[in-house]
2 protein chains.
Amino acid sequence: MDLSRSKLAVEVDRLLESGLVVADGLAPSRGGRRSHNIRLAPTLRFLGVDIGATSIDVAVTNAELEVLGHLNQPMDVREGPVAVFEHVLSMAAKLKASGIAEGFDGAGIGVPGPVRFPEGVPVAPPIMPGWDGFPVREALSQELGCPVMVDNDVNLMAMGEQHAGVARSVGDFLCVKIGTGIGCGIVVGGEVYRGTTGSAGDIGHIQVEPGGRACACGNRGCLEAHFSGAALAGDAEQAAREGRSAQLAARLEAAGRLTAEDVSAAAAAGDAVALELIREGGMRLGQVIAGLVSFFNPGLVVIGGGVTGLGHTLLASVRTQVYRQSLPLATGNLPIVLGELGPAAGAIGAARLISDHVFSPA
Amino acid sequence: MDLSRSKLAVEVDRLLESGLVVADGLAPSRGGRRSHNIRLAPTLRFLGVDIGATSIDVAVTNAELEVLGHLNQPMDVREGPVAVFEHVLSMAAKLKASGIAEGFDGAGIGVPGPVRFPEGVPVAPPIMPGWDGFPVREALSQELGCPVMVDNDVNLMAMGEQHAGVARSVGDFLCVKIGTGIGCGIVVGGEVYRGTTGSAGDIGHIQVEPGGRACACGNRGCLEAHFSGAALAGDAEQAAREGRSAQLAARLEAAGRLTAEDVSAAAAAGDAVALELIREGGMRLGQVIAGLVSFFNPGLVVIGGGVTGLGHTLLASVRTQVYRQSLPLATGNLPIVLGELGPAAGAIGAARLISDHVFSPA
């Protein structure tokens, strides 16, 4: 632990006093004086909250960050922070009522935009009107009566995959999240890298086509405008209306609108147009990831988010582009894989964030 | 220093024994027992070597990394490591003979390609045939009789600008070097980030134009193929031959070939074609830097290398592109500036690299 015996003893006493760890009897004798065992307090409960653009995931974990309960519900982040946190609090209350927690010892919150990390405040979030400057940490820690930390949702997905998913034991990696928009978590030497103003990983607005599609940000040709959950749904609706895909047209007829999940389902059923949309999107995404791989030389690229239902078609397309465009030295041993934790990744990362904070020396 | 008094004493004793620091009398009394002063040994000498594609810079510094002597000479890195290091050793001998050093306490070496950093060995360097796997550190430390560290030249330029140039006190920044090729030094939390296989920052092969110019790497549309010292010289020769610029034609006639410096001189003399080449190149470079700024959210972007003679025309063009394409949150307080140390940046960074190593606990 790189701590002297005396410092370690002070630290352990502090943890015992705080109730974060508890005594757990004596270790088996190994000849000398028997050591005291300690363990993480079995009653500790962390709340992990992952607010996406269109849904909320809330998970309760124990001190080992095992998920004891998990709820997901659709929501529109544009409802604003007050409405969204009412949902969050009622979901947390529901989980409590199920008997898995009496209270929370800390909560981690992910939001789908850049965050001024030290203050726990979202800043200028493009898809989140009404959230700019909202004191998420302060407001929620008052409501929940426990310490709260706030981060960008993609950073938390990266922490989740690192803690319990596909990125265990990898020091430097990228975690690309494809949801309504696109973002990237950057991990350097095991730590999330947030950048100078908390906007690192904001790859949705990297230009993939000069003079390309108009983007919500005001520019043209941004990655998000050409490929993201929202762009994919839009492309699919257009294909359906133009009569290019009977499958997508039937789904559009039935639901009144299409989502990335519809494209995913149509592709799984063999629809050629849906498959082509996913392939094209993968090429766009691969084009950007290829540049990031050359620049960052990661040990792993994880692709996650709602659109991972697009699965291996998307992955194949991304891989082709990256292995073709980046130099062999950077791609030689580079796995490009889907996340392992699915929709729970962000909530687990959020629990990890707050647990790291709670266990850190003051 | 985040060290206990006893550990500090042990460390100081080690440094005194090693001769790296020397006693420097007693500090003025402040009431209690007077402290012992120590200082860096005034006889310490570090050798900083920056091997580019077409020239070598060698500098000798004292322990404070002040440059006591500096030599530059043209060379072709394709001559291979044996020939190149003969130049380096004779330059080092010349500096010694001038009386500024009796011997060297360490040497830092920069090479224009990726390096397996722990072993000090260049790996698969695209523009350096004959260098792959050459044991630079071992060979030179035997020749020089001192510890040697080897790194990519762009990383050393970043360390130089951080130590003594424009990037002092900036934690997270990018340092883009435009020479024969293009590379980028990445500094995270004050430390150079080298990536999983030592190729981080290799931005010369990021695609700027799908289906664009053929690149030496085998792909098409790489940044380097469209803008770099070599590409600029090629474009200028073509313009001269096509009779589009009398200035460039005269220079080509006189020298038999053109270099980036010729373009720079022609631009300074108001040549419209030369200015346009620089502007176009700056747009290409800016396109890539805009993506990196969105991704990395740096606190500073430094532009250096031989081509900085292109100066403010280039800079203006890069800035326009970055401020237009990256999101305001990432560019709001982002200075994009030229390096301050000119051709000495790499050699100073090399001295810094080896001095950090020499002063580190074993």
# chains A, B, ... in the order shown; residues from 1 in each chain; ligands from 1

call {"tool": "select_by_dssp", "arguments": {"residues": "range 52-229 of chain B", "states": "helix (DSSP H, G or I)", "output": "PyMOL selection string"}}
result
chain B and resi 77-79+81-100+136-144+153-164+203-205+223-226+229

call {"tool": "residues_around", "arguments": {"residues": "range 276-289 of chain B", "least_positions_apart": "6", "cutoff": "8 Å", "atoms": "only C-alpha atoms", "output": "ChimeraX atom specification"}}
result
/A:207 /B:206,208,223,226-228,232,235-236,310,313-322,325

call {"tool": "interface_residues", "arguments": {"of": "chain B", "to": "chain A", "cutoff": "8 Å", "atoms": "only C-alpha atoms", "output": "mmCIF file with N, CA, C and O atoms, in the first residue's frame"}}
result
data_model
loop_
_atom_site.group_PDB
_atom_site.id
_atom_site.type_symbol
_atom_site.label_atom_id
_atom_site.label_comp_id
_atom_site.auth_asym_id
_atom_site.auth_seq_id
_atom_site.Cartn_x
_atom_site.Cartn_y
_atom_site.Cartn_z
ATOM 1 N N ALA B 124 9.881 0.747 -35.561
ATOM 2 C CA ALA B 124 9.162 0.900 -36.826
ATOM 3 C C ALA B 124 9.041 2.353 -37.262
ATOM 4 O O ALA B 124 7.960 2.814 -37.594
ATOM 5 N N ASP B 172 -2.066 20.461 -18.786
ATOM 6 C CA ASP B 172 -2.518 19.637 -19.908
ATOM 7 C C ASP B 172 -2.387 20.437 -21.196
ATOM 8 O O ASP B 172 -3.111 21.407 -21.395
ATOM 9 N N CYS B 184 2.860 15.235 -32.557
ATOM 10 C CA CYS B 184 2.235 15.993 -31.471
ATOM 11 C C CYS B 184 2.671 15.429 -30.130
ATOM 12 O O CYS B 184 2.546 14.230 -29.890
ATOM 13 N N ARG B 194 2.776 8.897 -23.454
ATOM 14 C CA ARG B 194 3.405 8.236 -24.605
ATOM 15 C C ARG B 194 2.538 7.171 -25.259
ATOM 16 O O ARG B 194 2.873 6.677 -26.332
ATOM 17 N N GLY B 195 1.438 6.804 -24.611
ATOM 18 C CA GLY B 195 0.560 5.797 -25.193
ATOM 19 C C GLY B 195 1.023 4.383 -24.910
ATOM 20 O O GLY B 195 2.073 4.165 -24.306
ATOM 21 N N THR B 196 0.212 3.440 -25.351
ATOM 22 C CA THR B 196 0.434 2.041 -25.000
ATOM 23 C C THR B 196 1.683 1.463 -25.655
ATOM 24 O O THR B 196 2.382 0.658 -25.060
ATOM 25 N N THR B 197 1.989 1.880 -26.892
ATOM 26 C CA THR B 197 3.184 1.349 -27.546
ATOM 27 C C THR B 197 4.149 2.465 -27.934
ATOM 28 O O THR B 197 4.996 2.277 -28.790
ATOM 29 N N GLY B 198 4.008 3.634 -27.309
ATOM 30 C CA GLY B 198 4.954 4.720 -27.565
ATOM 31 C C GLY B 198 4.659 5.521 -28.815
ATOM 32 O O GLY B 198 5.461 6.362 -29.217
ATOM 33 N N SER B 199 3.508 5.305 -29.433
ATOM 34 C CA SER B 199 3.227 6.030 -30.675
ATOM 35 C C SER B 199 2.194 7.143 -30.495
ATOM 36 O O SER B 199 1.728 7.712 -31.480
ATOM 37 N N ALA B 200 1.846 7.464 -29.247
ATOM 38 C CA ALA B 200 0.863 8.535 -29.036
ATOM 39 C C ALA B 200 1.362 9.823 -29.669
ATOM 40 O O ALA B 200 2.558 10.104 -29.695
ATOM 41 N N GLY B 201 0.449 10.603 -30.215
ATOM 42 C CA GLY B 201 0.813 11.872 -30.835
ATOM 43 C C GLY B 201 1.158 11.758 -32.301
ATOM 44 O O GLY B 201 1.525 12.739 -32.940
ATOM 45 N N ASP B 202 1.021 10.564 -32.851
ATOM 46 C CA ASP B 202 1.384 10.347 -34.255
ATOM 47 C C ASP B 202 0.240 10.837 -35.151
ATOM 48 O O ASP B 202 -0.458 10.055 -35.796
ATOM 49 N N ILE B 203 0.101 12.159 -35.216
ATOM 50 C CA ILE B 203 -1.071 12.728 -35.897
ATOM 51 C C ILE B 203 -0.855 12.960 -37.390
ATOM 52 O O ILE B 203 -1.781 13.347 -38.091
ATOM 53 N N HIS B 205 -0.662 10.986 -39.699
ATOM 54 C CA HIS B 205 -1.408 10.079 -40.568
ATOM 55 C C HIS B 205 -2.904 10.051 -40.247
ATOM 56 O O HIS B 205 -3.608 9.120 -40.618
ATOM 57 N N ILE B 206 -3.374 11.070 -39.567
ATOM 58 C CA ILE B 206 -4.820 11.254 -39.437
ATOM 59 C C ILE B 206 -5.338 11.717 -40.794
ATOM 60 O O ILE B 206 -4.736 12.564 -41.447
ATOM 61 N N GLN B 207 -6.453 11.120 -41.200
ATOM 62 C CA GLN B 207 -6.984 11.442 -42.526
ATOM 63 C C GLN B 207 -7.646 12.824 -42.536
ATOM 64 O O GLN B 207 -8.510 13.102 -41.728
ATOM 65 N N CYS B 217 2.924 6.333 -46.114
ATOM 66 C CA CYS B 217 2.509 5.216 -45.245
ATOM 67 C C CYS B 217 1.652 4.199 -45.985
ATOM 68 O O CYS B 217 1.330 3.149 -45.451
ATOM 69 N N ASN B 219 -1.462 4.875 -47.133
ATOM 70 C CA ASN B 219 -2.847 5.356 -47.169
ATOM 71 C C ASN B 219 -2.987 6.587 -48.050
ATOM 72 O O ASN B 219 -2.024 7.058 -48.636
ATOM 73 N N GLN B 287 -7.838 21.789 -39.079
ATOM 74 C CA GLN B 287 -8.910 20.788 -39.127
ATOM 75 C C GLN B 287 -8.599 19.639 -38.148
ATOM 76 O O GLN B 287 -9.443 19.216 -37.364
ATOM 77 N N ALA B 290 -8.481 20.970 -34.473
ATOM 78 C CA ALA B 290 -9.841 21.198 -33.968
ATOM 79 C C ALA B 290 -10.401 19.915 -33.364
ATOM 80 O O ALA B 290 -10.998 19.915 -32.279
ATOM 81 N N GLY B 291 -10.204 18.795 -34.050
ATOM 82 C CA GLY B 291 -10.666 17.507 -33.533
ATOM 83 C C GLY B 291 -9.958 17.149 -32.235
ATOM 84 O O GLY B 291 -10.584 16.688 -31.271
ATOM 85 N N LEU B 292 -8.651 17.388 -32.188
ATOM 86 C CA LEU B 292 -7.888 17.049 -30.982
ATOM 87 C C LEU B 292 -8.308 17.933 -29.812
ATOM 88 O O LEU B 292 -8.344 17.489 -28.669
ATOM 89 N N SER B 294 -11.329 19.219 -29.345
ATOM 90 C CA SER B 294 -12.607 18.691 -28.864
ATOM 91 C C SER B 294 -12.394 17.455 -28.002
ATOM 92 O O SER B 294 -13.021 17.274 -26.973
ATOM 93 N N PHE B 295 -11.484 16.599 -28.445
ATOM 94 C CA PHE B 295 -11.231 15.341 -27.745
ATOM 95 C C PHE B 295 -10.484 15.547 -26.440
ATOM 96 O O PHE B 295 -10.829 14.989 -25.408
ATOM 97 N N PHE B 296 -9.437 16.370 -26.473
ATOM 98 C CA PHE B 296 -8.487 16.434 -25.365
ATOM 99 C C PHE B 296 -8.713 17.623 -24.439
ATOM 100 O O PHE B 296 -8.261 17.628 -23.308
ATOM 101 N N ASN B 297 -9.422 18.644 -24.926
ATOM 102 C CA ASN B 297 -9.719 19.822 -24.114
ATOM 103 C C ASN B 297 -8.469 20.344 -23.389
ATOM 104 O O ASN B 297 -8.439 20.431 -22.167
ATOM 105 N N PRO B 298 -7.423 20.668 -24.175
ATOM 106 C CA PRO B 298 -6.164 21.107 -23.564
ATOM 107 C C PRO B 298 -6.264 22.532 -23.032
ATOM 108 O O PRO B 298 -7.188 23.274 -23.381
ATOM 109 N N GLY B 299 -5.280 22.923 -22.207
ATOM 110 C CA GLY B 299 -5.224 24.284 -21.703
ATOM 111 C C GLY B 299 -4.384 25.184 -22.595
ATOM 112 O O GLY B 299 -4.353 26.405 -22.408
ATOM 113 N N GLN B 325 -14.438 25.291 -35.556
ATOM 114 C CA GLN B 325 -14.916 23.901 -35.541
ATOM 115 C C GLN B 325 -15.093 23.298 -34.156
ATOM 116 O O GLN B 325 -15.902 22.385 -33.977
ATOM 117 N N SER B 326 -14.284 23.724 -33.180
ATOM 118 C CA SER B 326 -14.413 23.118 -31.858
ATOM 119 C C SER B 326 -15.477 23.852 -31.066
ATOM 120 O O SER B 326 -15.787 25.005 -31.348
ATOM 121 N N LEU B 327 -16.021 23.172 -30.047
ATOM 122 C CA LEU B 327 -17.079 23.805 -29.251
ATOM 123 C C LEU B 327 -16.517 24.917 -28.368
ATOM 124 O O LEU B 327 -15.386 24.830 -27.911
ATOM 125 N N LEU B 329 -16.876 25.683 -25.335
ATOM 126 C CA LEU B 329 -16.401 25.288 -24.013
ATOM 127 C C LEU B 329 -14.927 24.883 -24.055
ATOM 128 O O LEU B 329 -14.174 25.113 -23.107
ATOM 129 N N ALA B 330 -14.502 24.284 -25.174
ATOM 130 C CA ALA B 330 -13.110 23.840 -25.290
ATOM 131 C C ALA B 330 -12.187 24.952 -25.772
ATOM 132 O O ALA B 330 -10.983 24.931 -25.512
#

call {"tool": "atom_distance", "arguments": {"atom1": "CA of Ile348 in chain A", "atom2": "CA of Gly160 in chain A"}}
result
5.1 Å

call {"tool": "select_by_dssp", "arguments": {"residues": "range 73-290 of chain A", "states": "strand (DSSP E or B)", "output": "MDAnalysis selection string"}}
result
chainID A and resid 73:74 106:111 115:116 121:122 148:152 173:178 182:188 191:192 207 214 220 222

call {"tool": "write_last_selection", "arguments": {"atoms": "C-alpha atoms", "output": "PDB file, in the first residue's frame"}}
result
ATOM      1  CA  GLN A  73     -37.197   4.464 -16.823  1.00  0.00           C
ATOM      2  CA  PRO A  74     -37.684   6.617 -19.904  1.00  0.00           C
ATOM      3  CA  GLY A 106     -23.083   8.379  -1.030  1.00  0.00           C
ATOM      4  CA  ALA A 107     -24.458   8.954  -4.494  1.00  0.00           C
ATOM      5  CA  GLY A 108     -22.753   9.339  -7.887  1.00  0.00           C
ATOM      6  CA  ILE A 109     -24.655  11.136 -10.631  1.00  0.00           C
ATOM      7  CA  GLY A 110     -23.941  11.074 -14.362  1.00  0.00           C
ATOM      8  CA  VAL A 111     -25.380  13.707 -16.702  1.00  0.00           C
ATOM      9  CA  VAL A 115     -19.491  18.970 -15.967  1.00  0.00           C
ATOM     10  CA  ARG A 116     -17.358  21.371 -13.970  1.00  0.00           C
ATOM     11  CA  VAL A 121     -22.204  21.513 -11.908  1.00  0.00           C
ATOM     12  CA  PRO A 122     -23.180  20.875 -15.562  1.00  0.00           C
ATOM     13  CA  VAL A 148     -22.758  13.388  -3.892  1.00  0.00           C
ATOM     14  CA  MET A 149     -20.362  13.547  -6.849  1.00  0.00           C
ATOM     15  CA  VAL A 150     -21.348  14.510 -10.384  1.00  0.00           C
ATOM     16  CA  ASP A 151     -19.637  13.622 -13.651  1.00  0.00           C
ATOM     17  CA  ASN A 152     -20.269  13.331 -17.352  1.00  0.00           C
ATOM     18  CA  PHE A 173      -8.242   3.282 -22.920  1.00  0.00           C
ATOM     19  CA  LEU A 174     -11.102   5.004 -24.691  1.00  0.00           C
ATOM     20  CA  CYS A 175     -14.773   4.311 -24.048  1.00  0.00           C
ATOM     21  CA  VAL A 176     -17.050   5.564 -26.822  1.00  0.00           C
ATOM     22  CA  LYS A 177     -20.726   5.912 -25.911  1.00  0.00           C
ATOM     23  CA  ILE A 178     -23.289   6.021 -28.666  1.00  0.00           C
ATOM     24  CA  ILE A 182     -21.806  10.510 -29.068  1.00  0.00           C
ATOM     25  CA  GLY A 183     -19.142  11.004 -26.404  1.00  0.00           C
ATOM     26  CA  CYS A 184     -15.879   9.433 -25.345  1.00  0.00           C
ATOM     27  CA  GLY A 185     -14.461   8.633 -21.916  1.00  0.00           C
ATOM     28  CA  ILE A 186     -10.679   8.928 -21.721  1.00  0.00           C
ATOM     29  CA  VAL A 187      -8.720   6.964 -19.141  1.00  0.00           C
ATOM     30  CA  VAL A 188      -5.032   7.754 -18.651  1.00  0.00           C
ATOM     31  CA  GLU A 191      -7.706   7.715 -14.041  1.00  0.00           C
ATOM     32  CA  VAL A 192     -10.461   9.478 -15.968  1.00  0.00           C
ATOM     33  CA  GLN A 207     -15.920  17.099 -38.348  1.00  0.00           C
ATOM     34  CA  ALA A 214     -26.087  20.708 -40.508  1.00  0.00           C
ATOM     35  CA  ARG A 220     -21.701  21.315 -40.540  1.00  0.00           C
ATOM     36  CA  CYS A 222     -20.134  16.875 -37.246  1.00  0.00           C
TER      37      CYS A 222
END

call {"tool": "residues_around", "arguments": {"residues": "Ile56 in chain A", "least_positions_apart": "2", "cutoff": "12 Å", "atoms": "only C-alpha atoms", "output": "JSON, numbers by chain"}}
result
{"A": [48, 49, 50, 51, 52, 53, 54, 58, 59, 70, 71, 72, 73, 74, 75, 76, 77, 84, 85, 86, 87, 88, 89, 90, 91, 92, 109, 110, 111, 112, 153, 343, 344, 346, 347]}

call {"tool": "atom_distance", "arguments": {"atom1": "CA of Asp271 in chain B", "atom2": "CA of Ser245 in chain B"}}
result
7.3 Å

call {"tool": "residues_around", "arguments": {"residues": "His163 in chain A", "least_positions_apart": "4", "cutoff": "9 Å", "atoms": "only C-alpha atoms", "output": "PyMOL selection string"}}
result
chain A and resi 65+158-159+167-169+348-349+352

call {"tool": "write_last_selection", "arguments": {"atoms": "N, CA, C and O atoms", "output": "PDB file, in the first residue's frame"}}
result
ATOM      1  N   LEU A  65     -19.547  -2.687  -4.466  1.00  0.00           N
ATOM      2  CA  LEU A  65     -20.125  -2.174  -5.713  1.00  0.00           C
ATOM      3  C   LEU A  65     -20.864  -3.263  -6.489  1.00  0.00           C
ATOM      4  O   LEU A  65     -21.026  -3.159  -7.715  1.00  0.00           O
ATOM      5  N   ALA A 158     -17.065   4.743 -18.614  1.00  0.00           N
ATOM      6  CA  ALA A 158     -15.670   4.277 -18.653  1.00  0.00           C
ATOM      7  C   ALA A 158     -15.253   3.710 -17.295  1.00  0.00           C
ATOM      8  O   ALA A 158     -14.635   2.646 -17.211  1.00  0.00           O
ATOM      9  N   MET A 159     -15.625   4.409 -16.214  1.00  0.00           N
ATOM     10  CA  MET A 159     -15.271   3.924 -14.866  1.00  0.00           C
ATOM     11  C   MET A 159     -15.967   2.607 -14.564  1.00  0.00           C
ATOM     12  O   MET A 159     -15.408   1.734 -13.902  1.00  0.00           O
ATOM     13  N   ALA A 167     -12.827  -3.438 -19.287  1.00  0.00           N
ATOM     14  CA  ALA A 167     -11.584  -2.659 -19.245  1.00  0.00           C
ATOM     15  C   ALA A 167     -10.790  -2.877 -17.960  1.00  0.00           C
ATOM     16  O   ALA A 167      -9.885  -2.111 -17.650  1.00  0.00           O
ATOM     17  N   ARG A 168     -11.148  -3.946 -17.215  1.00  0.00           N
ATOM     18  CA  ARG A 168     -10.390  -4.217 -16.000  1.00  0.00           C
ATOM     19  C   ARG A 168      -8.918  -4.389 -16.350  1.00  0.00           C
ATOM     20  O   ARG A 168      -8.588  -5.026 -17.338  1.00  0.00           O
ATOM     21  N   SER A 169      -8.064  -3.792 -15.553  1.00  0.00           N
ATOM     22  CA  SER A 169      -6.603  -3.941 -15.696  1.00  0.00           C
ATOM     23  C   SER A 169      -6.016  -3.237 -16.917  1.00  0.00           C
ATOM     24  O   SER A 169      -4.843  -3.421 -17.228  1.00  0.00           O
ATOM     25  N   ILE A 348     -22.976   1.847 -12.405  1.00  0.00           N
ATOM     26  CA  ILE A 348     -21.885   1.217 -11.650  1.00  0.00           C
ATOM     27  C   ILE A 348     -20.697   2.176 -11.555  1.00  0.00           C
ATOM     28  O   ILE A 348     -20.084   2.326 -10.497  1.00  0.00           O
ATOM     29  N   GLY A 349     -20.401   2.863 -12.662  1.00  0.00           N
ATOM     30  CA  GLY A 349     -19.331   3.860 -12.634  1.00  0.00           C
ATOM     31  C   GLY A 349     -19.644   4.975 -11.643  1.00  0.00           C
ATOM     32  O   GLY A 349     -18.751   5.467 -10.947  1.00  0.00           O
ATOM     33  N   ARG A 352     -18.924   3.784  -8.265  1.00  0.00           N
ATOM     34  CA  ARG A 352     -17.477   3.753  -8.086  1.00  0.00           C
ATOM     35  C   ARG A 352     -16.930   5.150  -7.770  1.00  0.00           C
ATOM     36  O   ARG A 352     -16.097   5.331  -6.884  1.00  0.00           O
TER      37      ARG A 352
END

call {"tool": "decode", "arguments": {"residues": "range 186-194 of chain B", "atoms": "all heavy atoms", "output": "JSON list (two decimals), in the first residue's frame"}}
result
[["chain", "number", "residue", "atom", "x", "y", "z"],
["B", 186, "ILE", "N", 1.99, 15.15, -26.18],
["B", 186, "ILE", "CA", 0.80, 15.24, -25.34],
["B", 186, "ILE", "C", 1.25, 15.28, -23.89],
["B", 186, "ILE", "O", 1.96, 14.38, -23.44],
["B", 186, "ILE", "CB", -0.09, 13.99, -25.54],
["B", 186, "ILE", "CG1", -0.40, 13.79, -27.03],
["B", 186, "ILE", "CG2", -1.37, 14.09, -24.72],
["B", 186, "ILE", "CD1", -1.06, 12.44, -27.33],
["B", 187, "VAL", "N", 0.86, 16.32, -23.17],
["B", 187, "VAL", "CA", 1.22, 16.40, -21.76],
["B", 187, "VAL", "C", -0.06, 16.35, -20.92],
["B", 187, "VAL", "O", -0.99, 17.12, -21.15],
["B", 187, "VAL", "CB", 2.03, 17.67, -21.46],
["B", 187, "VAL", "CG1", 2.29, 17.82, -19.96],
["B", 187, "VAL", "CG2", 3.35, 17.63, -22.23],
["B", 188, "VAL", "N", -0.11, 15.40, -20.01],
["B", 188, "VAL", "CA", -1.27, 15.19, -19.13],
["B", 188, "VAL", "C", -0.81, 15.37, -17.69],
["B", 188, "VAL", "O", 0.06, 14.64, -17.23],
["B", 188, "VAL", "CB", -1.87, 13.78, -19.30],
["B", 188, "VAL", "CG1", -3.00, 13.55, -18.32],
["B", 188, "VAL", "CG2", -2.35, 13.54, -20.73],
["B", 189, "GLY", "N", -1.39, 16.33, -17.00],
["B", 189, "GLY", "CA", -1.01, 16.55, -15.60],
["B", 189, "GLY", "C", 0.48, 16.78, -15.44],
["B", 189, "GLY", "O", 1.08, 16.29, -14.48],
["B", 190, "GLY", "N", 1.09, 17.47, -16.39],
["B", 190, "GLY", "CA", 2.50, 17.78, -16.29],
["B", 190, "GLY", "C", 3.45, 16.70, -16.79],
["B", 190, "GLY", "O", 4.65, 16.91, -16.85],
["B", 191, "GLU", "N", 2.92, 15.53, -17.15],
["B", 191, "GLU", "CA", 3.77, 14.43, -17.60],
["B", 191, "GLU", "C", 3.51, 14.13, -19.06],
["B", 191, "GLU", "O", 2.36, 14.15, -19.51],
["B", 191, "GLU", "CB", 3.44, 13.15, -16.80],
["B", 191, "GLU", "CG", 3.61, 13.27, -15.31],
["B", 191, "GLU", "CD", 5.07, 13.23, -14.90],
["B", 191, "GLU", "OE1", 5.87, 12.59, -15.62],
["B", 191, "GLU", "OE2", 5.40, 13.86, -13.88],
["B", 192, "VAL", "N", 4.57, 13.80, -19.81],
["B", 192, "VAL", "CA", 4.40, 13.39, -21.20],
["B", 192, "VAL", "C", 3.62, 12.07, -21.24],
["B", 192, "VAL", "O", 3.93, 11.12, -20.50],
["B", 192, "VAL", "CB", 5.75, 13.20, -21.90],
["B", 192, "VAL", "CG1", 5.58, 12.54, -23.26],
["B", 192, "VAL", "CG2", 6.44, 14.56, -22.07],
["B", 193, "TYR", "N", 2.59, 12.03, -22.09],
["B", 193, "TYR", "CA", 1.81, 10.80, -22.27],
["B", 193, "TYR", "C", 2.30, 10.13, -23.55],
["B", 193, "TYR", "O", 2.26, 10.73, -24.62],
["B", 193, "TYR", "CB", 0.32, 11.14, -22.37],
["B", 193, "TYR", "CG", -0.52, 9.95, -22.78],
["B", 193, "TYR", "CD1", -0.86, 8.97, -21.83],
["B", 193, "TYR", "CD2", -0.92, 9.76, -24.09],
["B", 193, "TYR", "CE1", -1.60, 7.87, -22.20],
["B", 193, "TYR", "CE2", -1.66, 8.66, -24.47],
["B", 193, "TYR", "CZ", -2.00, 7.71, -23.52],
["B", 193, "TYR", "OH", -2.72, 6.60, -23.90],
["B", 194, "ARG", "N", 2.78, 8.90, -23.45],
["B", 194, "ARG", "CA", 3.40, 8.24, -24.61],
["B", 194, "ARG", "C", 2.54, 7.17, -25.26],
["B", 194, "ARG", "O", 2.87, 6.68, -26.33],
["B", 194, "ARG", "CB", 4.75, 7.63, -24.19],
["B", 194, "ARG", "CG", 5.76, 8.68, -23.76],
["B", 194, "ARG", "CD", 7.12, 8.13, -23.41],
["B", 194, "ARG", "NE", 8.03, 9.24, -23.11],
["B", 194, "ARG", "CZ", 8.15, 9.82, -21.92],
["B", 194, "ARG", "NH1", 7.43, 9.40, -20.90],
["B", 194, "ARG", "NH2", 8.99, 10.84, -21.75]]
